[in-house]
Protein chains: 2
Amino acid sequence: MKKNSGSQRISLAHGGGGKLMHRLIKELFQEKFANEILNELSDSAVVEFLPKNNSSLCFTTDSYVVNPLFFPGGDIGKLAICGTINDLAVVGAKPRYISCALIIEEGLEYEVLKRITESMAKIARDEDVKIVTGDTKVVEKGNLDKLFINTAGLGLRKKINLSKETIIPGDKIIVNGSIGEHGLAILAARGEFNFQAKISSDCAPLTNLIQRIINLRRSAALCGIKFMRDPTRGGLAATLNEIAGGMNFGILINEKDIPVKKEVRAACELLGFDPLYIANEGKVVVIVSGKDAEVVLKAMRQDPLGKESRIIGEVTKAPGGKVIMKTKIRGSRIIDMLVGDQLPRIC
Amino acid sequence: MKKNSGSQRISLAHGGGGKLMHRLIKELFQEKFANEILNELSDSAVVEFLPKNNSSLCFTTDSYVVNPLFFPGGDIGKLAICGTINDLAVVGAKPRYISCALIIEEGLEYEVLKRITESMAKIARDEDVKIVTGDTKVVEKGNLDKLFINTAGLGLRKKINLSKETIIPGDKIIVNGSIGEHGLAILAARGEFNFQAKISSDCAPLTNLIQRIINLRRSAALCGIKFMRDPTRGGLAATLNEIAGGMNFGILINEKDIPVKKEVRAACELLGFDPLYIANEGKVVVIVSGKDAEVVLKAMRQDPLGKESRIIGEVTKAPGGKVIMKTKIRGSRIIDMLVGDQLPRIC
């Protein structure tokens, strides 16, 4: 590793298809992501997994452009692996294979890339997913801010009907813990607002939590879980609107039941943000039938990432397509999606 | 479409998870890429395809950062779809599903994005692949040069042993046409060298050409095809070195047999480049057994993208791991990978 260590920086040649690129792939990516499929260095990874007749293949992609690259609770690498894992997990799939495509600004410290690669490798190992294929591009200094990562993911799910179409009035809405931490942790790490807070990102992989309630569904012949989605960009407000949008049911949430940590509440008050619109990276919204809500809630609370799970509201007959919040002062207001953007580059 | 047309530009809010992002997805991506899987707008696409017992799933990813976005013979969108199709095709797979993740600089003209999206949609339609999942991020002006695209791809391949391990001395090396056009077309389009040439990128999807020789293999019980790779970044020189590298055989190519168009040769002489190192985006290197080489060559020449196919050299016993070129003046020289980078951002 000598030749690439220390104060080395990434140069355009590391993306040029020549010797330096091959050395980077060998010394960093193959070393850290070590697995037999990646080691083939084939143009495409050949993943020998055969969905059985009662299962489906799930496929997702996300790019990560978060600024800064490191923040309390994570970094762009952890975020990229968790984010793609979670996009698979919320459709009921078990994540299996992930691709890793890096776009690097010329001049990035090799050490930074190494730390981020190690972070990706750790989460992948912990979650038993393999990084099997990748790509490295380097662009001239000033043409990209440090590093962007794209991860695409593959997972398998057993036959299960998770669909907005199954949602009916009376269904309950559960969230697995307090909201708004990821977005504010990024903001604090940027130092833009002269605002320092002890808020860590909630960035975490949700497979175990979600598989727990999916399996519960099978073993107990429950058919309670209707739909799941992770409230990332646009926050809980966007996700609830995506669920209700265009449907003939509404969603009613109770402000008093939505878990928000006091540091988050304080920071939001200071900055004029609403925690409902702030991104999360380790949260899931679960829509579950009224009769099964307590059983699912109990199961979620047994998971380390679900201890603070709460029923935050329910599906209503009217007003169709809308999300309404009953406020603490017993008023109510429409929770719409934002038109503009609250916080760019939080993921 | 009125609200997004005309002189509209992409704003940070188009990546913010709110209304503008949802409108962009609906009006542009769902409209152009139209298919029932994408329309679900699920966190992960559920692709109901089941590899049979004798087939494998292939998975690949590539990011595209080409500058400029439009060039003779293509654009970043066409390049992204063709590139991912070709990475699947060269391992013997039929491309089926593609993801599309865009990272956009704030201020990009909506019209530019629309043209690129249409270009992606056209190739996907022509090649019968579906764009089933995607992601859109927008970063602040100055933090990225216009637009980067990542495409990951999935394909199925029937059981087939394409591996460097099967290559032996006496095998022939075929290329499906003239080299160096893509890299030089990009360079000319940039206008950096005050050099204008009538060179178009060779950017094209290779599935049909490659399936033609794979099927030949099956029908005629040929086992001639040993390995394939598309000579993109680093050019033919990098690809041949990737094939020979670390193996106990060498590769001998004949300069006189390597197809190079006269415009490419002239531009290379003017600029001091070697066409062997210049990227291609519609070429494939095929290693085939000596006895089957002529049959495969003939089949390749029947394809519109293979008319100019040539046997350019062969696999030799020694020197192991090296690529040697017999020059036109009857000398010979080692063709190594480049250490540095010849041309950044050509793909």
# chains A, B, ... in the order shown; residues from 1 in each chain; ligands from 1

call {"tool": "interface_residues", "arguments": {"of": "chain B", "to": "chain A", "cutoff": "6 Å", "atoms": "only C-alpha atoms", "output": "PDB file with all heavy atoms, in the first residue's frame"}}
result
ATOM      1  N   ALA B  13     -34.715  22.628  -5.744  1.00  0.00           N
ATOM      2  CA  ALA B  13     -35.970  22.010  -5.317  1.00  0.00           C
ATOM      3  C   ALA B  13     -36.344  20.793  -6.160  1.00  0.00           C
ATOM      4  O   ALA B  13     -37.069  19.919  -5.703  1.00  0.00           O
ATOM      5  CB  ALA B  13     -37.097  23.037  -5.358  1.00  0.00           C
ATOM      6  N   GLY B  16     -35.284  17.977  -4.143  1.00  0.00           N
ATOM      7  CA  GLY B  16     -35.539  18.120  -2.711  1.00  0.00           C
ATOM      8  C   GLY B  16     -36.556  17.175  -2.101  1.00  0.00           C
ATOM      9  O   GLY B  16     -36.822  17.234  -0.910  1.00  0.00           O
ATOM     10  N   GLY B  17     -37.144  16.332  -2.916  1.00  0.00           N
ATOM     11  CA  GLY B  17     -38.118  15.390  -2.360  1.00  0.00           C
ATOM     12  C   GLY B  17     -39.523  15.959  -2.279  1.00  0.00           C
ATOM     13  O   GLY B  17     -40.441  15.288  -1.823  1.00  0.00           O
ATOM     14  N   GLY B  18     -39.709  17.199  -2.733  1.00  0.00           N
ATOM     15  CA  GLY B  18     -41.013  17.830  -2.640  1.00  0.00           C
ATOM     16  C   GLY B  18     -41.761  17.834  -3.966  1.00  0.00           C
ATOM     17  O   GLY B  18     -41.550  16.973  -4.823  1.00  0.00           O
ATOM     18  N   LYS B  19     -42.633  18.827  -4.128  1.00  0.00           N
ATOM     19  CA  LYS B  19     -43.536  18.839  -5.284  1.00  0.00           C
ATOM     20  C   LYS B  19     -42.813  18.925  -6.623  1.00  0.00           C
ATOM     21  O   LYS B  19     -43.184  18.264  -7.583  1.00  0.00           O
ATOM     22  CB  LYS B  19     -44.503  20.020  -5.168  1.00  0.00           C
ATOM     23  CG  LYS B  19     -45.591  19.771  -4.162  1.00  0.00           C
ATOM     24  CD  LYS B  19     -46.661  20.850  -4.220  1.00  0.00           C
ATOM     25  CE  LYS B  19     -47.722  20.535  -3.170  1.00  0.00           C
ATOM     26  NZ  LYS B  19     -48.729  21.601  -3.060  1.00  0.00           N
ATOM     27  N   ASP B  43     -39.808   2.256  -3.832  1.00  0.00           N
ATOM     28  CA  ASP B  43     -38.420   2.504  -3.422  1.00  0.00           C
ATOM     29  C   ASP B  43     -37.468   1.577  -4.168  1.00  0.00           C
ATOM     30  O   ASP B  43     -36.317   1.931  -4.413  1.00  0.00           O
ATOM     31  CB  ASP B  43     -38.281   2.312  -1.916  1.00  0.00           C
ATOM     32  CG  ASP B  43     -39.009   3.399  -1.152  1.00  0.00           C
ATOM     33  OD1 ASP B  43     -38.466   4.490  -1.046  1.00  0.00           O
ATOM     34  OD2 ASP B  43     -40.141   3.157  -0.703  1.00  0.00           O
ATOM     35  N   SER B  44     -37.940   0.389  -4.485  1.00  0.00           N
ATOM     36  CA  SER B  44     -37.180  -0.530  -5.321  1.00  0.00           C
ATOM     37  C   SER B  44     -38.110  -1.045  -6.406  1.00  0.00           C
ATOM     38  O   SER B  44     -39.280  -1.293  -6.147  1.00  0.00           O
ATOM     39  CB  SER B  44     -36.696  -1.740  -4.512  1.00  0.00           C
ATOM     40  OG  SER B  44     -35.772  -1.359  -3.531  1.00  0.00           O
ATOM     41  N   ALA B  45     -37.568  -1.206  -7.606  1.00  0.00           N
ATOM     42  CA  ALA B  45     -38.362  -1.812  -8.675  1.00  0.00           C
ATOM     43  C   ALA B  45     -38.464  -3.304  -8.407  1.00  0.00           C
ATOM     44  O   ALA B  45     -37.473  -3.939  -8.047  1.00  0.00           O
ATOM     45  CB  ALA B  45     -37.681  -1.585 -10.012  1.00  0.00           C
ATOM     46  N   VAL B  46     -39.652  -3.843  -8.563  1.00  0.00           N
ATOM     47  CA  VAL B  46     -39.817  -5.287  -8.415  1.00  0.00           C
ATOM     48  C   VAL B  46     -39.856  -5.870  -9.823  1.00  0.00           C
ATOM     49  O   VAL B  46     -40.798  -5.648 -10.575  1.00  0.00           O
ATOM     50  CB  VAL B  46     -41.110  -5.625  -7.652  1.00  0.00           C
ATOM     51  CG1 VAL B  46     -41.260  -7.140  -7.519  1.00  0.00           C
ATOM     52  CG2 VAL B  46     -41.087  -4.969  -6.274  1.00  0.00           C
ATOM     53  N   VAL B  47     -38.785  -6.541 -10.205  1.00  0.00           N
ATOM     54  CA  VAL B  47     -38.682  -7.045 -11.568  1.00  0.00           C
ATOM     55  C   VAL B  47     -38.928  -8.543 -11.531  1.00  0.00           C
ATOM     56  O   VAL B  47     -38.160  -9.305 -10.986  1.00  0.00           O
ATOM     57  CB  VAL B  47     -37.318  -6.696 -12.205  1.00  0.00           C
ATOM     58  CG1 VAL B  47     -37.191  -5.195 -12.368  1.00  0.00           C
ATOM     59  CG2 VAL B  47     -36.137  -7.203 -11.418  1.00  0.00           C
ATOM     60  N   GLU B  48     -40.045  -8.926 -12.077  1.00  0.00           N
ATOM     61  CA  GLU B  48     -40.463 -10.326 -11.959  1.00  0.00           C
ATOM     62  C   GLU B  48     -39.736 -11.162 -13.002  1.00  0.00           C
ATOM     63  O   GLU B  48     -40.355 -11.680 -13.906  1.00  0.00           O
ATOM     64  CB  GLU B  48     -41.982 -10.449 -12.153  1.00  0.00           C
ATOM     65  CG  GLU B  48     -42.812  -9.632 -11.196  1.00  0.00           C
ATOM     66  CD  GLU B  48     -42.942 -10.282  -9.811  1.00  0.00           C
ATOM     67  OE1 GLU B  48     -42.525 -11.442  -9.649  1.00  0.00           O
ATOM     68  OE2 GLU B  48     -43.451  -9.597  -8.900  1.00  0.00           O
ATOM     69  N   LEU B  50     -37.143 -14.417 -13.466  1.00  0.00           N
ATOM     70  CA  LEU B  50     -36.573 -15.522 -12.737  1.00  0.00           C
ATOM     71  C   LEU B  50     -35.531 -16.216 -13.600  1.00  0.00           C
ATOM     72  O   LEU B  50     -35.874 -16.884 -14.570  1.00  0.00           O
ATOM     73  CB  LEU B  50     -37.676 -16.513 -12.378  1.00  0.00           C
ATOM     74  CG  LEU B  50     -38.875 -15.909 -11.646  1.00  0.00           C
ATOM     75  CD1 LEU B  50     -39.936 -16.963 -11.426  1.00  0.00           C
ATOM     76  CD2 LEU B  50     -38.454 -15.317 -10.317  1.00  0.00           C
ATOM     77  N   PRO B  51     -34.262 -16.065 -13.235  1.00  0.00           N
ATOM     78  CA  PRO B  51     -33.266 -16.830 -13.978  1.00  0.00           C
ATOM     79  C   PRO B  51     -33.620 -18.316 -13.880  1.00  0.00           C
ATOM     80  O   PRO B  51     -33.966 -18.792 -12.806  1.00  0.00           O
ATOM     81  CB  PRO B  51     -31.960 -16.551 -13.219  1.00  0.00           C
ATOM     82  CG  PRO B  51     -32.204 -15.308 -12.444  1.00  0.00           C
ATOM     83  CD  PRO B  51     -33.678 -15.265 -12.161  1.00  0.00           C
ATOM     84  N   SER B  56     -27.710 -17.264 -15.419  1.00  0.00           N
ATOM     85  CA  SER B  56     -27.209 -16.470 -14.301  1.00  0.00           C
ATOM     86  C   SER B  56     -27.615 -15.019 -14.491  1.00  0.00           C
ATOM     87  O   SER B  56     -27.795 -14.543 -15.604  1.00  0.00           O
ATOM     88  CB  SER B  56     -25.690 -16.505 -14.247  1.00  0.00           C
ATOM     89  OG  SER B  56     -25.227 -17.814 -14.252  1.00  0.00           O
ATOM     90  N   LEU B  57     -27.695 -14.336 -13.348  1.00  0.00           N
ATOM     91  CA  LEU B  57     -28.020 -12.924 -13.357  1.00  0.00           C
ATOM     92  C   LEU B  57     -26.712 -12.139 -13.407  1.00  0.00           C
ATOM     93  O   LEU B  57     -25.791 -12.406 -12.632  1.00  0.00           O
ATOM     94  CB  LEU B  57     -28.781 -12.611 -12.071  1.00  0.00           C
ATOM     95  CG  LEU B  57     -29.371 -11.225 -11.933  1.00  0.00           C
ATOM     96  CD1 LEU B  57     -30.463 -11.000 -12.963  1.00  0.00           C
ATOM     97  CD2 LEU B  57     -29.941 -11.058 -10.531  1.00  0.00           C
ATOM     98  N   CYS B  58     -26.642 -11.146 -14.298  1.00  0.00           N
ATOM     99  CA  CYS B  58     -25.450 -10.310 -14.396  1.00  0.00           C
ATOM    100  C   CYS B  58     -25.813  -8.880 -14.009  1.00  0.00           C
ATOM    101  O   CYS B  58     -26.897  -8.397 -14.331  1.00  0.00           O
ATOM    102  CB  CYS B  58     -24.884 -10.350 -15.808  1.00  0.00           C
ATOM    103  SG  CYS B  58     -24.422 -12.021 -16.293  1.00  0.00           S
ATOM    104  N   PHE B  59     -24.900  -8.206 -13.329  1.00  0.00           N
ATOM    105  CA  PHE B  59     -25.172  -6.929 -12.668  1.00  0.00           C
ATOM    106  C   PHE B  59     -23.961  -6.026 -12.900  1.00  0.00           C
ATOM    107  O   PHE B  59     -22.826  -6.429 -12.641  1.00  0.00           O
ATOM    108  CB  PHE B  59     -25.374  -7.227 -11.177  1.00  0.00           C
ATOM    109  CG  PHE B  59     -25.653  -6.057 -10.273  1.00  0.00           C
ATOM    110  CD1 PHE B  59     -26.354  -4.947 -10.715  1.00  0.00           C
ATOM    111  CD2 PHE B  59     -25.240  -6.086  -8.940  1.00  0.00           C
ATOM    112  CE1 PHE B  59     -26.634  -3.885  -9.853  1.00  0.00           C
ATOM    113  CE2 PHE B  59     -25.513  -5.041  -8.071  1.00  0.00           C
ATOM    114  CZ  PHE B  59     -26.201  -3.943  -8.530  1.00  0.00           C
ATOM    115  N   THR B  60     -24.192  -4.820 -13.381  1.00  0.00           N
ATOM    116  CA  THR B  60     -23.072  -3.918 -13.661  1.00  0.00           C
ATOM    117  C   THR B  60     -23.454  -2.474 -13.369  1.00  0.00           C
ATOM    118  O   THR B  60     -24.639  -2.147 -13.273  1.00  0.00           O
ATOM    119  CB  THR B  60     -22.622  -4.065 -15.138  1.00  0.00           C
ATOM    120  OG1 THR B  60     -21.398  -3.369 -15.319  1.00  0.00           O
ATOM    121  CG2 THR B  60     -23.666  -3.514 -16.109  1.00  0.00           C
ATOM    122  N   THR B  61     -22.464  -1.616 -13.209  1.00  0.00           N
ATOM    123  CA  THR B  61     -22.729  -0.196 -12.994  1.00  0.00           C
ATOM    124  C   THR B  61     -21.648   0.641 -13.665  1.00  0.00           C
ATOM    125  O   THR B  61     -20.507   0.206 -13.777  1.00  0.00           O
ATOM    126  CB  THR B  61     -22.769   0.153 -11.490  1.00  0.00           C
ATOM    127  OG1 THR B  61     -23.190   1.517 -11.327  1.00  0.00           O
ATOM    128  CG2 THR B  61     -21.398   0.009 -10.833  1.00  0.00           C
ATOM    129  N   ASP B  62     -22.017   1.821 -14.104  1.00  0.00           N
ATOM    130  CA  ASP B  62     -21.062   2.793 -14.639  1.00  0.00           C
ATOM    131  C   ASP B  62     -21.624   4.198 -14.461  1.00  0.00           C
ATOM    132  O   ASP B  62     -22.817   4.411 -14.647  1.00  0.00           O
ATOM    133  CB  ASP B  62     -20.803   2.562 -16.135  1.00  0.00           C
ATOM    134  CG  ASP B  62     -19.485   1.843 -16.387  1.00  0.00           C
ATOM    135  OD1 ASP B  62     -18.490   2.167 -15.720  1.00  0.00           O
ATOM    136  OD2 ASP B  62     -19.454   0.958 -17.248  1.00  0.00           O
ATOM    137  N   ASP B  87     -21.547  -3.522 -21.193  1.00  0.00           N
ATOM    138  CA  ASP B  87     -20.905  -4.248 -20.087  1.00  0.00           C
ATOM    139  C   ASP B  87     -21.635  -5.554 -19.806  1.00  0.00           C
ATOM    140  O   ASP B  87     -21.029  -6.534 -19.358  1.00  0.00           O
ATOM    141  CB  ASP B  87     -20.867  -3.385 -18.823  1.00  0.00           C
ATOM    142  CG  ASP B  87     -19.686  -2.412 -18.847  1.00  0.00           C
ATOM    143  OD1 ASP B  87     -18.752  -2.624 -19.639  1.00  0.00           O
ATOM    144  OD2 ASP B  87     -19.697  -1.452 -18.057  1.00  0.00           O
ATOM    145  N   LEU B  88     -22.935  -5.576 -20.036  1.00  0.00           N
ATOM    146  CA  LEU B  88     -23.688  -6.833 -19.894  1.00  0.00           C
ATOM    147  C   LEU B  88     -23.458  -7.736 -21.101  1.00  0.00           C
ATOM    148  O   LEU B  88     -23.241  -8.935 -20.970  1.00  0.00           O
ATOM    149  CB  LEU B  88     -25.184  -6.534 -19.731  1.00  0.00           C
ATOM    150  CG  LEU B  88     -25.582  -5.878 -18.398  1.00  0.00           C
ATOM    151  CD1 LEU B  88     -26.993  -5.311 -18.468  1.00  0.00           C
ATOM    152  CD2 LEU B  88     -25.452  -6.862 -17.235  1.00  0.00           C
ATOM    153  N   THR B 133     -35.972   1.975 -12.514  1.00  0.00           N
ATOM    154  CA  THR B 133     -35.820   2.654 -11.229  1.00  0.00           C
ATOM    155  C   THR B 133     -34.831   3.793 -11.417  1.00  0.00           C
ATOM    156  O   THR B 133     -34.040   3.780 -12.363  1.00  0.00           O
ATOM    157  CB  THR B 133     -35.379   1.656 -10.123  1.00  0.00           C
ATOM    158  OG1 THR B 133     -35.390   2.302  -8.853  1.00  0.00           O
ATOM    159  CG2 THR B 133     -33.988   1.087 -10.381  1.00  0.00           C
ATOM    160  N   GLY B 134     -34.915   4.799 -10.560  1.00  0.00           N
ATOM    161  CA  GLY B 134     -34.041   5.946 -10.755  1.00  0.00           C
ATOM    162  C   GLY B 134     -33.898   6.804  -9.528  1.00  0.00           C
ATOM    163  O   GLY B 134     -34.475   6.511  -8.467  1.00  0.00           O
ATOM    164  N   ASP B 135     -33.113   7.860  -9.684  1.00  0.00           N
ATOM    165  CA  ASP B 135     -32.875   8.788  -8.582  1.00  0.00           C
ATOM    166  C   ASP B 135     -32.455  10.115  -9.197  1.00  0.00           C
ATOM    167  O   ASP B 135     -31.788  10.151 -10.235  1.00  0.00           O
ATOM    168  CB  ASP B 135     -31.761   8.245  -7.681  1.00  0.00           C
ATOM    169  CG  ASP B 135     -31.434   9.179  -6.520  1.00  0.00           C
ATOM    170  OD1 ASP B 135     -32.384   9.589  -5.816  1.00  0.00           O
ATOM    171  OD2 ASP B 135     -30.252   9.515  -6.317  1.00  0.00           O
ATOM    172  N   ASN B 143     -20.869  23.156  -8.004  1.00  0.00           N
ATOM    173  CA  ASN B 143     -20.433  21.966  -7.270  1.00  0.00           C
ATOM    174  C   ASN B 143     -20.415  20.708  -8.132  1.00  0.00           C
ATOM    175  O   ASN B 143     -20.165  19.612  -7.625  1.00  0.00           O
ATOM    176  CB  ASN B 143     -21.320  21.748  -6.044  1.00  0.00           C
ATOM    177  CG  ASN B 143     -20.959  22.702  -4.931  1.00  0.00           C
ATOM    178  OD1 ASN B 143     -20.407  22.313  -3.920  1.00  0.00           O
ATOM    179  ND2 ASN B 143     -21.236  23.979  -5.128  1.00  0.00           N
ATOM    180  N   LEU B 144     -20.649  20.895  -9.409  1.00  0.00           N
ATOM    181  CA  LEU B 144     -20.705  19.773 -10.339  1.00  0.00           C
ATOM    182  C   LEU B 144     -20.816  20.392 -11.730  1.00  0.00           C
ATOM    183  O   LEU B 144     -21.490  21.392 -11.899  1.00  0.00           O
ATOM    184  CB  LEU B 144     -21.961  18.938 -10.026  1.00  0.00           C
ATOM    185  CG  LEU B 144     -22.637  18.166 -11.169  1.00  0.00           C
ATOM    186  CD1 LEU B 144     -21.784  17.004 -11.596  1.00  0.00           C
ATOM    187  CD2 LEU B 144     -23.991  17.654 -10.719  1.00  0.00           C
ATOM    188  N   ASP B 145     -20.167  19.787 -12.712  1.00  0.00           N
ATOM    189  CA  ASP B 145     -20.226  20.346 -14.062  1.00  0.00           C
ATOM    190  C   ASP B 145     -21.431  19.782 -14.827  1.00  0.00           C
ATOM    191  O   ASP B 145     -21.340  18.695 -15.391  1.00  0.00           O
ATOM    192  CB  ASP B 145     -18.901  20.073 -14.780  1.00  0.00           C
ATOM    193  CG  ASP B 145     -18.838  20.778 -16.136  1.00  0.00           C
ATOM    194  OD1 ASP B 145     -19.589  21.756 -16.329  1.00  0.00           O
ATOM    195  OD2 ASP B 145     -18.051  20.334 -16.988  1.00  0.00           O
ATOM    196  N   ARG B 233     -12.355   3.028 -21.759  1.00  0.00           N
ATOM    197  CA  ARG B 233     -11.249   3.821 -21.190  1.00  0.00           C
ATOM    198  C   ARG B 233      -9.909   3.095 -21.299  1.00  0.00           C
ATOM    199  O   ARG B 233      -9.816   1.937 -20.945  1.00  0.00           O
ATOM    200  CB  ARG B 233     -11.496   4.069 -19.698  1.00  0.00           C
ATOM    201  CG  ARG B 233     -12.309   5.264 -19.422  1.00  0.00           C
ATOM    202  CD  ARG B 233     -12.392   5.480 -17.934  1.00  0.00           C
ATOM    203  NE  ARG B 233     -13.194   4.452 -17.262  1.00  0.00           N
ATOM    204  CZ  ARG B 233     -13.387   4.402 -15.942  1.00  0.00           C
ATOM    205  NH1 ARG B 233     -12.810   5.293 -15.156  1.00  0.00           N
ATOM    206  NH2 ARG B 233     -14.140   3.481 -15.408  1.00  0.00           N
ATOM    207  N   GLY B 234      -8.898   3.791 -21.731  1.00  0.00           N
ATOM    208  CA  GLY B 234      -7.582   3.153 -21.873  1.00  0.00           C
ATOM    209  C   GLY B 234      -7.419   2.481 -23.229  1.00  0.00           C
ATOM    210  O   GLY B 234      -6.331   2.029 -23.575  1.00  0.00           O
ATOM    211  N   MET B 337       0.027  -0.709 -20.552  1.00  0.00           N
ATOM    212  CA  MET B 337      -1.018   0.235 -20.156  1.00  0.00           C
ATOM    213  C   MET B 337      -0.370   1.573 -19.904  1.00  0.00           C
ATOM    214  O   MET B 337       0.784   1.642 -19.509  1.00  0.00           O
ATOM    215  CB  MET B 337      -1.634  -0.209 -18.824  1.00  0.00           C
ATOM    216  CG  MET B 337      -2.785  -1.129 -18.985  1.00  0.00           C
ATOM    217  SD  MET B 337      -3.623  -1.290 -17.403  1.00  0.00           S
ATOM    218  CE  MET B 337      -4.393  -2.878 -17.662  1.00  0.00           C
ATOM    219  N   LEU B 338      -1.145   2.639 -20.077  1.00  0.00           N
ATOM    220  CA  LEU B 338      -0.642   3.955 -19.714  1.00  0.00           C
ATOM    221  C   LEU B 338      -0.537   4.053 -18.199  1.00  0.00           C
ATOM    222  O   LEU B 338      -1.323   3.465 -17.471  1.00  0.00           O
ATOM    223  CB  LEU B 338      -1.579   5.051 -20.212  1.00  0.00           C
ATOM    224  CG  LEU B 338      -1.552   5.355 -21.699  1.00  0.00           C
ATOM    225  CD1 LEU B 338      -2.330   6.649 -21.945  1.00  0.00           C
ATOM    226  CD2 LEU B 338      -0.133   5.499 -22.228  1.00  0.00           C
ATOM    227  N   VAL B 339       0.440   4.800 -17.737  1.00  0.00           N
ATOM    228  CA  VAL B 339       0.506   5.098 -16.308  1.00  0.00           C
ATOM    229  C   VAL B 339      -0.375   6.309 -16.029  1.00  0.00           C
ATOM    230  O   VAL B 339      -1.157   6.337 -15.103  1.00  0.00           O
ATOM    231  CB  VAL B 339       1.959   5.368 -15.862  1.00  0.00           C
ATOM    232  CG1 VAL B 339       1.991   5.838 -14.412  1.00  0.00           C
ATOM    233  CG2 VAL B 339       2.785   4.114 -16.040  1.00  0.00           C
ATOM    234  N   GLY B 340      -0.244   7.316 -16.857  1.00  0.00           N
ATOM    235  CA  GLY B 340      -1.032   8.528 -16.666  1.00  0.00           C
ATOM    236  C   GLY B 340      -2.365   8.427 -17.376  1.00  0.00           C
ATOM    237  O   GLY B 340      -2.817   7.345 -17.730  1.00  0.00           O
ATOM    238  N   ASP B 341      -2.977   9.566 -17.584  1.00  0.00           N
ATOM    239  CA  ASP B 341      -4.290   9.598 -18.200  1.00  0.00           C
ATOM    240  C   ASP B 341      -4.165  10.369 -19.491  1.00  0.00           C
ATOM    241  O   ASP B 341      -3.631  11.469 -19.524  1.00  0.00           O
ATOM    242  CB  ASP B 341      -5.259  10.317 -17.264  1.00  0.00           C
ATOM    243  CG  ASP B 341      -6.675  10.214 -17.765  1.00  0.00           C
ATOM    244  OD1 ASP B 341      -6.981   9.231 -18.465  1.00  0.00           O
ATOM    245  OD2 ASP B 341      -7.460  11.120 -17.461  1.00  0.00           O
TER     246      ASP B 341
END

call {"tool": "residues_around", "arguments": {"residues": "range 309-324 of chain B", "least_positions_apart": "2", "cutoff": "6 Å", "atoms": "only C-alpha atoms", "output": "JSON list (two decimals) with C-alpha atoms, in the first residue's frame"}}
result
[["chain", "number", "residue", "atom", "x", "y", "z"],
["B", 169, "PRO", "CA", -1.84, -19.93, -27.47],
["B", 170, "GLY", "CA", -3.16, -20.03, -31.02],
["B", 171, "ASP", "CA", -6.45, -18.30, -30.13],
["B", 172, "LYS", "CA", -7.25, -15.37, -32.41],
["B", 173, "ILE", "CA", -8.14, -11.80, -31.48],
["B", 174, "ILE", "CA", -10.96, -10.10, -33.37],
["B", 175, "VAL", "CA", -12.12, -6.48, -33.21],
["B", 176, "ASN", "CA", -15.42, -5.46, -34.80],
["B", 177, "GLY", "CA", -14.14, -2.33, -36.52],
["B", 244, "ALA", "CA", -3.01, -10.88, -20.79],
["B", 245, "GLY", "CA", -2.10, -9.42, -17.39],
["B", 246, "GLY", "CA", -1.06, -12.06, -14.88],
["B", 247, "MET", "CA", -1.66, -14.89, -17.34],
["B", 248, "ASN", "CA", 0.88, -17.37, -18.71],
["B", 249, "PHE", "CA", 0.26, -16.35, -22.30],
["B", 250, "GLY", "CA", 1.10, -13.27, -24.32],
["B", 251, "ILE", "CA", -0.76, -11.35, -27.01],
["B", 252, "LEU", "CA", 0.70, -10.43, -30.37],
["B", 253, "ILE", "CA", -1.11, -7.89, -32.52],
["B", 254, "ASN", "CA", -0.27, -6.73, -36.02],
["B", 257, "ASP", "CA", -4.38, -5.35, -39.32],
["B", 258, "ILE", "CA", -5.79, -2.91, -36.76],
["B", 301, "ARG", "CA", -19.30, -9.22, -40.53],
["B", 306, "GLY", "CA", -19.39, -5.76, -37.40],
["B", 307, "LYS", "CA", -18.91, -5.15, -41.12],
["B", 333, "ARG", "CA", 7.21, -3.08, -29.45],
["B", 334, "ILE", "CA", 5.64, -3.73, -26.08],
["B", 335, "ILE", "CA", 2.17, -2.21, -25.72]]

call {"tool": "closest_atom_pairs", "arguments": {"of": "range 241-324 of chain B", "to": "range 178-197 of chain B", "cutoff": "6 Å", "atoms": "only C-alpha atoms", "output": "tab-separated table"}}
result
residue	atom	partner	partner_atom	distance
B:Pro259	CA	B:Ser178	CA	4.3
B:Val260	CA	B:Ser178	CA	4.7
B:Pro275	CA	B:Gly180	CA	5.0
B:Ile278	CA	B:Gly180	CA	4.8
B:Ala279	CA	B:Gly183	CA	5.0
B:Asn280	CA	B:His182	CA	5.0

call {"tool": "closest_residue", "arguments": {"among": "B:Lys261, B:Lys159, B:Lys226, B:Arg330", "to": "Lys198 in chain B", "atoms": "only C-alpha atoms"}}
result
B:Lys261

call {"tool": "select_by_dssp", "arguments": {"residues": "range 242-321 of chain A", "states": "strand (DSSP E)", "output": "number ranges by chain"}}
result
A: 250-254, 285-288, 310-316

call {"tool": "atom_distance", "arguments": {"atom1": "CA of Asp128 in chain A", "atom2": "CA of Pro95 in chain A"}}
result
8.3 Å

call {"tool": "atom_distance", "arguments": {"atom1": "CA of Glu111 in chain A", "atom2": "CA of Gly77 in chain A"}}
result
13.6 Å

call {"tool": "atom_distance", "arguments": {"atom1": "CA of Thr166 in chain B", "atom2": "CA of Gly282 in chain B"}}
result
24.7 Å

call {"tool": "select_by_dssp", "arguments": {"residues": "range 21-180 of chain B", "states": "helix (DSSP H, G or I)", "output": "number ranges by chain"}}
result
B: 21-32, 36-39, 76-89, 110-126, 164-166
